[in-house]
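Containing mmCIF, N, CA and C atoms and all ligand atoms: protein14.cif.
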```
data_coords
#
loop_
_atom_site.label_atom_id
_atom_site.label_comp_id
_atom_site.auth_asym_id
_atom_site.auth_seq_id
_atom_site.Cartn_x
_atom_site.Cartn_y
_atom_site.Cartn_z
N MET S 1 66.45 166.29 122.11
CA MET S 1 65.29 165.81 122.84
C MET S 1 65.05 164.34 122.51
N GLU S 2 64.49 163.63 123.48
CA GLU S 2 64.22 162.21 123.26
C GLU S 2 62.74 161.93 123.30
N GLY S 3 62.39 160.79 122.71
CA GLY S 3 61.00 160.39 122.74
C GLY S 3 60.86 158.96 122.27
N GLY S 4 59.63 158.51 122.16
CA GLY S 4 59.40 157.15 121.70
C GLY S 4 57.91 156.84 121.70
N CYS S 5 57.61 155.65 121.22
CA CYS S 5 56.20 155.23 121.14
C CYS S 5 55.70 154.81 122.53
N HIS S 6 54.44 154.47 122.62
CA HIS S 6 53.86 154.15 123.91
C HIS S 6 54.47 152.90 124.55
N CYS S 7 54.74 151.86 123.73
CA CYS S 7 55.27 150.60 124.29
C CYS S 7 56.78 150.62 124.46
N LYS S 8 57.44 151.70 124.04
CA LYS S 8 58.89 151.90 124.16
C LYS S 8 59.73 151.04 123.22
N ALA S 9 59.09 150.34 122.29
CA ALA S 9 59.86 149.57 121.30
C ALA S 9 60.68 150.51 120.43
N ILE S 10 60.10 151.67 120.11
CA ILE S 10 60.82 152.67 119.32
C ILE S 10 61.24 153.81 120.24
N ARG S 11 62.55 154.12 120.19
CA ARG S 11 63.08 155.28 120.92
C ARG S 11 63.92 156.08 119.93
N PHE S 12 63.89 157.39 120.08
CA PHE S 12 64.65 158.23 119.15
C PHE S 12 65.14 159.47 119.89
N LYS S 13 66.07 160.15 119.25
CA LYS S 13 66.46 161.47 119.77
C LYS S 13 66.66 162.43 118.61
N THR S 14 66.44 163.70 118.88
CA THR S 14 66.69 164.74 117.88
C THR S 14 67.93 165.50 118.33
N GLU S 15 68.78 165.81 117.35
CA GLU S 15 70.06 166.44 117.69
C GLU S 15 70.06 167.94 117.44
N LYS S 16 69.07 168.41 116.68
CA LYS S 16 68.99 169.85 116.42
C LYS S 16 67.55 170.31 116.62
N ASP S 17 67.36 171.61 116.49
CA ASP S 17 66.03 172.18 116.71
C ASP S 17 65.13 171.96 115.48
N THR S 18 63.86 172.19 115.66
CA THR S 18 62.90 172.07 114.56
C THR S 18 63.12 173.19 113.54
N PHE S 19 62.74 172.95 112.29
CA PHE S 19 62.69 174.06 111.33
C PHE S 19 61.26 174.55 111.16
N TRP S 20 60.31 173.81 111.76
CA TRP S 20 58.89 174.13 111.55
C TRP S 20 58.07 173.38 112.60
N VAL S 21 57.04 174.02 113.15
CA VAL S 21 56.08 173.33 114.02
C VAL S 21 54.68 173.80 113.62
N GLY S 22 53.82 172.86 113.26
CA GLY S 22 52.50 173.26 112.81
C GLY S 22 51.42 172.26 113.17
N ALA S 23 50.21 172.76 113.32
CA ALA S 23 49.06 171.91 113.63
C ALA S 23 48.35 171.59 112.32
N CYS S 24 48.10 170.28 112.07
CA CYS S 24 47.44 169.88 110.84
C CYS S 24 46.05 169.32 111.14
N TYR S 25 45.08 169.86 110.42
CA TYR S 25 43.68 169.49 110.64
C TYR S 25 43.15 168.59 109.52
N CYS S 26 44.04 168.02 108.70
CA CYS S 26 43.58 167.23 107.55
C CYS S 26 42.96 165.90 108.00
N ILE S 27 42.14 165.37 107.12
CA ILE S 27 41.42 164.13 107.43
C ILE S 27 42.38 162.95 107.61
N ASP S 28 43.45 162.91 106.80
CA ASP S 28 44.42 161.82 106.93
C ASP S 28 45.06 161.81 108.32
N CYS S 29 45.43 162.98 108.83
CA CYS S 29 46.03 163.05 110.17
C CYS S 29 45.02 162.61 111.23
N ARG S 30 43.77 162.95 111.02
CA ARG S 30 42.73 162.52 111.97
C ARG S 30 42.62 161.01 112.02
N LYS S 31 42.55 160.40 110.83
CA LYS S 31 42.40 158.94 110.76
C LYS S 31 43.60 158.23 111.38
N ILE S 32 44.80 158.76 111.09
CA ILE S 32 46.00 158.08 111.55
C ILE S 32 46.20 158.23 113.06
N SER S 33 45.80 159.37 113.60
CA SER S 33 46.05 159.62 115.02
C SER S 33 44.86 159.25 115.90
N GLY S 34 43.66 159.28 115.32
CA GLY S 34 42.47 159.11 116.15
C GLY S 34 42.10 160.38 116.89
N ALA S 35 42.84 161.45 116.65
CA ALA S 35 42.60 162.72 117.35
C ALA S 35 42.09 163.76 116.34
N PRO S 36 41.46 164.84 116.79
CA PRO S 36 40.90 165.82 115.86
C PRO S 36 41.94 166.58 115.04
N TYR S 37 43.18 166.68 115.54
CA TYR S 37 44.28 167.26 114.75
C TYR S 37 45.60 166.80 115.34
N VAL S 38 46.66 167.02 114.58
CA VAL S 38 47.99 166.60 115.03
C VAL S 38 48.95 167.78 114.91
N VAL S 39 49.76 167.98 115.93
CA VAL S 39 50.82 168.99 115.86
C VAL S 39 52.11 168.27 115.47
N TRP S 40 52.68 168.72 114.35
CA TRP S 40 53.89 168.11 113.80
C TRP S 40 55.10 169.00 114.01
N ALA S 41 56.23 168.37 114.35
CA ALA S 41 57.50 169.08 114.47
C ALA S 41 58.39 168.65 113.32
N GLY S 42 58.86 169.61 112.52
CA GLY S 42 59.67 169.30 111.36
C GLY S 42 61.16 169.37 111.66
N TYR S 43 61.91 168.36 111.21
CA TYR S 43 63.36 168.29 111.42
C TYR S 43 64.07 167.93 110.12
N GLU S 44 65.35 168.29 110.02
CA GLU S 44 66.20 167.73 108.97
C GLU S 44 66.36 166.25 109.33
N THR S 45 66.10 165.37 108.33
CA THR S 45 66.07 163.94 108.62
C THR S 45 67.35 163.42 109.27
N ASP S 46 68.51 163.94 108.85
CA ASP S 46 69.75 163.40 109.42
C ASP S 46 70.03 163.88 110.84
N THR S 47 69.14 164.70 111.41
CA THR S 47 69.31 165.10 112.80
C THR S 47 68.38 164.32 113.73
N VAL S 48 67.65 163.37 113.16
CA VAL S 48 66.77 162.50 113.96
C VAL S 48 67.39 161.10 113.97
N LYS S 49 67.79 160.64 115.15
CA LYS S 49 68.43 159.32 115.26
C LYS S 49 67.50 158.34 115.96
N ILE S 50 67.32 157.20 115.31
CA ILE S 50 66.53 156.13 115.95
C ILE S 50 67.46 155.36 116.86
N LEU S 51 67.13 155.31 118.13
CA LEU S 51 67.98 154.64 119.12
C LEU S 51 67.65 153.16 119.20
N GLN S 52 66.39 152.82 119.06
CA GLN S 52 65.98 151.41 119.03
C GLN S 52 64.64 151.27 118.34
N GLY S 53 64.40 150.06 117.78
CA GLY S 53 63.14 149.77 117.11
C GLY S 53 63.17 150.15 115.65
N LYS S 54 62.12 149.76 114.94
CA LYS S 54 62.04 150.07 113.51
C LYS S 54 60.61 150.44 113.17
N PRO S 55 60.36 151.74 112.94
CA PRO S 55 59.00 152.15 112.57
C PRO S 55 58.56 151.47 111.28
N LYS S 56 57.31 151.07 111.24
CA LYS S 56 56.74 150.43 110.04
C LYS S 56 56.27 151.52 109.09
N LEU S 57 56.72 151.44 107.83
CA LEU S 57 56.37 152.45 106.83
C LEU S 57 54.99 152.20 106.25
N TYR S 58 54.27 153.29 106.02
CA TYR S 58 52.94 153.21 105.42
C TYR S 58 52.79 154.35 104.42
N SER S 59 52.49 154.00 103.17
CA SER S 59 52.30 155.01 102.14
C SER S 59 50.86 155.51 102.25
N SER S 60 50.68 156.70 102.84
CA SER S 60 49.32 157.19 103.12
C SER S 60 48.74 157.95 101.94
N SER S 61 49.56 158.35 101.00
CA SER S 61 49.08 158.94 99.74
C SER S 61 50.20 158.85 98.73
N GLU S 62 49.93 159.32 97.50
CA GLU S 62 50.94 159.24 96.44
C GLU S 62 52.22 159.98 96.84
N GLN S 63 52.07 161.08 97.59
CA GLN S 63 53.23 161.92 97.91
C GLN S 63 53.82 161.66 99.30
N VAL S 64 53.09 160.94 100.15
CA VAL S 64 53.47 160.91 101.57
C VAL S 64 53.65 159.49 102.11
N ASN S 65 54.76 159.32 102.84
CA ASN S 65 54.96 158.12 103.65
C ASN S 65 54.79 158.49 105.11
N ARG S 66 54.07 157.68 105.82
CA ARG S 66 53.99 157.83 107.28
C ARG S 66 54.59 156.58 107.89
N SER S 67 54.89 156.61 109.20
CA SER S 67 55.35 155.39 109.84
C SER S 67 54.78 155.35 111.25
N PHE S 68 54.79 154.16 111.81
CA PHE S 68 54.17 153.97 113.12
C PHE S 68 54.80 152.76 113.80
N CYS S 69 54.52 152.57 115.09
CA CYS S 69 55.02 151.41 115.82
C CYS S 69 54.08 150.23 115.56
N GLU S 70 54.66 149.16 115.05
CA GLU S 70 53.87 147.98 114.71
C GLU S 70 53.27 147.31 115.94
N ASN S 71 53.89 147.51 117.07
CA ASN S 71 53.41 146.86 118.29
C ASN S 71 52.29 147.63 118.97
N CYS S 72 52.48 148.94 119.21
CA CYS S 72 51.47 149.69 119.97
C CYS S 72 50.65 150.65 119.13
N GLY S 73 51.06 150.88 117.88
CA GLY S 73 50.27 151.73 116.99
C GLY S 73 50.56 153.21 117.07
N SER S 74 51.46 153.64 117.96
CA SER S 74 51.78 155.08 118.03
C SER S 74 52.29 155.56 116.68
N PRO S 75 51.81 156.74 116.20
CA PRO S 75 52.38 157.29 114.98
C PRO S 75 53.83 157.69 115.22
N PHE S 76 54.67 157.62 114.19
CA PHE S 76 56.07 158.04 114.37
C PHE S 76 56.47 159.17 113.43
N SER S 77 56.16 159.07 112.15
CA SER S 77 56.65 160.11 111.24
C SER S 77 55.74 160.37 110.06
N TYR S 78 56.02 161.51 109.43
CA TYR S 78 55.36 161.96 108.21
C TYR S 78 56.47 162.46 107.31
N GLN S 79 56.50 161.99 106.06
CA GLN S 79 57.58 162.40 105.17
C GLN S 79 57.09 162.49 103.73
N TYR S 80 57.43 163.59 103.05
CA TYR S 80 57.14 163.69 101.63
C TYR S 80 58.12 162.80 100.88
N LYS S 81 57.58 161.97 99.95
CA LYS S 81 58.44 161.02 99.24
C LYS S 81 59.51 161.72 98.40
N ASN S 82 59.22 162.94 97.95
CA ASN S 82 60.21 163.65 97.13
C ASN S 82 61.04 164.64 97.94
N GLN S 83 60.92 164.58 99.28
CA GLN S 83 61.71 165.46 100.16
C GLN S 83 62.19 164.68 101.37
N THR S 84 63.01 163.65 101.12
CA THR S 84 63.40 162.76 102.21
C THR S 84 64.37 163.43 103.19
N GLY S 85 64.84 164.61 102.85
CA GLY S 85 65.73 165.33 103.75
C GLY S 85 65.01 165.95 104.94
N LYS S 86 63.67 165.93 104.86
CA LYS S 86 62.87 166.49 105.95
C LYS S 86 61.96 165.42 106.52
N ILE S 87 61.75 165.48 107.84
CA ILE S 87 60.86 164.51 108.48
C ILE S 87 60.04 165.25 109.55
N PHE S 88 58.80 164.86 109.68
CA PHE S 88 57.91 165.49 110.66
C PHE S 88 57.50 164.45 111.70
N LEU S 89 57.66 164.79 112.97
CA LEU S 89 57.31 163.89 114.06
C LEU S 89 56.17 164.51 114.87
N PRO S 90 55.19 163.71 115.29
CA PRO S 90 54.10 164.28 116.10
C PRO S 90 54.64 164.64 117.50
N VAL S 91 54.32 165.83 117.97
CA VAL S 91 54.91 166.28 119.25
C VAL S 91 54.53 165.38 120.42
N GLY S 92 53.40 164.67 120.29
CA GLY S 92 52.94 163.80 121.37
C GLY S 92 53.85 162.63 121.68
N ILE S 93 54.77 162.26 120.78
CA ILE S 93 55.64 161.12 121.05
C ILE S 93 56.95 161.53 121.74
N PHE S 94 57.13 162.83 121.96
CA PHE S 94 58.32 163.28 122.70
C PHE S 94 58.08 163.09 124.20
N ASP S 95 59.16 162.78 124.94
CA ASP S 95 59.02 162.60 126.39
C ASP S 95 58.55 163.90 127.04
N THR S 96 59.05 165.02 126.54
CA THR S 96 58.60 166.32 127.02
C THR S 96 58.29 167.18 125.80
N ALA S 97 57.07 167.64 125.71
CA ALA S 97 56.68 168.47 124.56
C ALA S 97 56.41 169.90 124.99
N ASP S 98 56.79 170.24 126.21
CA ASP S 98 56.47 171.56 126.78
C ASP S 98 57.04 172.73 125.98
N ASN S 99 58.21 172.52 125.35
CA ASN S 99 58.91 173.67 124.77
C ASN S 99 58.68 173.89 123.29
N PHE S 100 57.83 173.08 122.67
CA PHE S 100 57.54 173.33 121.27
C PHE S 100 56.78 174.64 121.13
N LYS S 101 57.08 175.34 120.05
CA LYS S 101 56.41 176.62 119.82
C LYS S 101 55.64 176.52 118.51
N LEU S 102 54.34 176.43 118.61
CA LEU S 102 53.49 176.33 117.42
C LEU S 102 53.65 177.56 116.54
N GLN S 103 53.81 177.34 115.22
CA GLN S 103 54.02 178.45 114.29
C GLN S 103 52.89 178.67 113.31
N LYS S 104 52.13 177.60 113.05
CA LYS S 104 51.19 177.68 111.95
C LYS S 104 50.09 176.63 112.08
N HIS S 105 48.95 176.93 111.47
CA HIS S 105 47.85 175.97 111.33
C HIS S 105 47.70 175.64 109.86
N ILE S 106 47.67 174.35 109.51
CA ILE S 106 47.53 173.99 108.10
C ILE S 106 46.31 173.10 107.87
N TRP S 107 45.89 173.04 106.62
CA TRP S 107 44.69 172.30 106.23
C TRP S 107 43.47 172.69 107.07
N THR S 108 43.34 173.99 107.32
CA THR S 108 42.19 174.45 108.10
C THR S 108 40.89 174.27 107.31
N SER S 109 41.03 174.06 105.97
CA SER S 109 39.83 173.78 105.16
C SER S 109 39.16 172.48 105.58
N GLN S 110 39.93 171.58 106.24
CA GLN S 110 39.35 170.29 106.66
C GLN S 110 39.14 170.23 108.18
N LYS S 111 39.32 171.34 108.85
CA LYS S 111 39.19 171.40 110.31
C LYS S 111 37.75 171.09 110.75
N LEU S 112 37.62 170.35 111.83
CA LEU S 112 36.30 170.10 112.39
C LEU S 112 35.72 171.42 112.92
N PRO S 113 34.41 171.64 112.70
CA PRO S 113 33.83 172.95 113.05
C PRO S 113 33.86 173.27 114.54
N TRP S 114 33.97 172.24 115.38
CA TRP S 114 33.97 172.50 116.84
C TRP S 114 35.37 172.66 117.41
N ILE S 115 36.39 172.64 116.54
CA ILE S 115 37.74 172.98 116.98
C ILE S 115 37.92 174.47 116.70
N HIS S 116 38.21 175.23 117.74
CA HIS S 116 38.32 176.68 117.60
C HIS S 116 39.77 177.13 117.77
N ILE S 117 40.30 177.78 116.75
CA ILE S 117 41.66 178.31 116.83
C ILE S 117 41.57 179.68 117.47
N ILE S 118 42.23 179.85 118.61
CA ILE S 118 42.09 181.12 119.33
C ILE S 118 43.36 181.96 119.31
N ASP S 119 44.44 181.43 118.68
CA ASP S 119 45.64 182.27 118.58
C ASP S 119 45.64 183.04 117.25
N LYS S 120 46.67 183.87 117.07
CA LYS S 120 46.73 184.73 115.89
C LYS S 120 47.74 184.20 114.87
N LEU S 121 48.15 182.95 115.00
CA LEU S 121 49.15 182.39 114.09
C LEU S 121 48.58 182.24 112.69
N PRO S 122 49.45 182.21 111.67
CA PRO S 122 48.98 182.08 110.30
C PRO S 122 48.22 180.77 110.06
N GLN S 123 47.22 180.85 109.21
CA GLN S 123 46.43 179.67 108.86
C GLN S 123 46.51 179.44 107.36
N GLU S 124 46.61 178.19 106.99
CA GLU S 124 46.76 177.78 105.59
C GLU S 124 45.61 176.83 105.26
N ASP S 125 44.89 177.08 104.16
CA ASP S 125 43.82 176.17 103.76
C ASP S 125 44.34 174.78 103.44
N GLY S 126 45.56 174.75 102.88
CA GLY S 126 46.14 173.49 102.42
C GLY S 126 47.44 173.18 103.14
N SER S 127 48.32 172.54 102.41
CA SER S 127 49.57 172.03 102.96
C SER S 127 50.53 173.15 103.38
N TYR S 128 51.61 172.81 104.07
CA TYR S 128 52.51 173.82 104.64
C TYR S 128 53.40 174.50 103.61
N GLN S 129 53.55 173.86 102.44
CA GLN S 129 54.52 174.34 101.45
C GLN S 129 54.02 175.58 100.70
ZN ZN E 201 55.30 150.96 120.37
ZN ZN E 202 47.54 166.34 108.14
#
```

Take the structure in the file and write it out as structure tokens.
Ligand SMILES: [Zn+2]
Ligand SMILES: [Zn+2]
Amino acid sequence: MEGGCHCKAIRFKTEKDTFWVGACYCIDCRKISGAPYVVWAGYETDTVKILQGKPKLYSSSEQVNRSFCENCGSPFSYQYKNQTGKIFLPVGIFDTADNFKLQKHIWTSQKLPWIHIIDKLPQEDGSYQ
């Protein structure tokens, strides 16, 4: 699947399927996206190829690096610093996100009270691990 940021400076493709898809309600994801929650698609890092552009790295906490497009501000990735073999991309940056299958809700302890989860998928108070 292919995708990219809003201004198209960054383009990428994924060569294999996700190992995980989850919605994160944490405050950091809210601040970074401007949205009430973010749905992340997890991939083995070496199956995600950057076709053009260079996402700007941002250390959002002691354990986590995020990246984004320096020109338009679209978020690009989420990565644990001690697990560089895995990378999480927000589903909204894919050209087509129709086929993602949500598996889990995480950080529901920080979920906004007016966001209502209506499916029966597992919920985690904290991180996905
Ligand atoms: Zn951009
Ligand atoms: Zn989060």

Protein and nucleic acid residues within 6 Å of ligand ZN 201 (chain E) (only C-alpha atoms and all ligand atoms) as JSON, numbers by chain:
{"S": [5, 6, 7, 8, 9, 10, 69, 71, 72, 74]}

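For range 34-39 of chain S, the residues within 5 Å (counting all atoms listed in the file, excluding itself and residues fewer than 4 positions away along the chain) are Gly22, Ala23, Cys24, Tyr25, Arg30, Pro90 and Val91 of chain S.
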
Check chain S with DSSP on the backbone and list each residue it calls strand (DSSP E), as a ChimeraX atom specification.
/S:2-4,11-14,20-24,38-44,48-52,56-59,64-68,75-80,86-90,104-106

Contacts of Thr96 in chain S within 7 Å, only N, CA and C atoms, excl. fewer than 3 positions in-chain, as a list of chain:residue names
S:Glu2, S:Gly3, S:Val91, S:Ile93, S:Asn99, S:Phe100

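Restricting the calculation to all atoms listed in the file, the smallest distance between ligand ZN 202 (chain E) and any of S:Leu121, S:Ile115, S:Leu89, S:Ile27 is found for S:Ile27.
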
DSSP-assigned helix (DSSP H, G or I) among range 7-57 of chain S, expressed as a list in words:
Ile27, Asp28, Cys29, Arg30, Lys31, Ile32, Ser33, Thr45, Asp46 and Thr47 of chain S

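The residue set within 10 Å of Lys86 in chain S, counting only C-alpha atoms and dropping same-chain residues fewer than 3 places from it, reads Phe19, Gly42, Tyr43, Glu44, Thr45, Asp46, Thr47, Val48, Tyr78, Gln79, Tyr80, Lys81, Asn82 and Gln83 of chain S.
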
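Shortest separation to ligand ZN 202 (chain E) among S:Gln63, S:Ile106, S:His116, S:Phe12 occurs at residue S:Ile106, atoms counted being all atoms listed in the file.
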
Using only the atoms of range 60-68 of chain S listed in the file, plus 3 Å on each side, state the axis-aligned box centre and edge lengths in Å rounded to one decimal, as JSON.
```
{"center_x": 52.0, "center_y": 157.3, "center_z": 105.1, "size_x": 12.6, "size_y": 15.2, "size_z": 23.4}
```

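Across S:Gln103, S:Gln123, S:Ile50, S:Lys31, the tightest approach to ligand ZN 202 (chain E) is made by S:Lys31 when counting only C-alpha atoms and all ligand atoms.
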
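The smallest atom-to-atom distance between ligand ZN 202 (chain E) and any of S:Val21, S:Lys111, S:Cys29, S:Gly126, using all atoms listed in the file, is found for S:Cys29.
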
As an exercise, work out the distance from atom N of Ser61 in chain S to CA of Gly73 in chain S in Å and give it to one decimal place.
17.3 Å

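Between ligand ZN 202 (chain E) and the residues S:Ala41, S:Met1, S:Ile32, S:Cys26, the shortest atom-to-atom distance, using all atoms listed in the file, involves S:Cys26.
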
note - atom N of Asp28 in chain S and atom N of Gly85 in chain S are separated by 21.8 Å

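Nearest to ligand ZN 202 (chain E) of all the residues S:Glu15, S:Phe88, S:Trp107, S:Pro113 is S:Trp107, counting all atoms listed in the file.
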
Compile the contact shell of Arg66 in chain S as a list of chain:residue names: residues with an atom at most 9 Å away, counting only C-alpha atoms, same-chain residues fewer than 2 positions apart removed.
S:Lys56, S:Leu57, S:Tyr58, S:Ser59, S:Ser60, S:Val64, S:Phe68, S:Pro75, S:Phe76, S:Ser77, S:Tyr78, S:Gln79, S:Tyr80

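When CA of Ile87 in chain S is paired with CA of Gln110 in chain S, their separation reads 22.3 Å.
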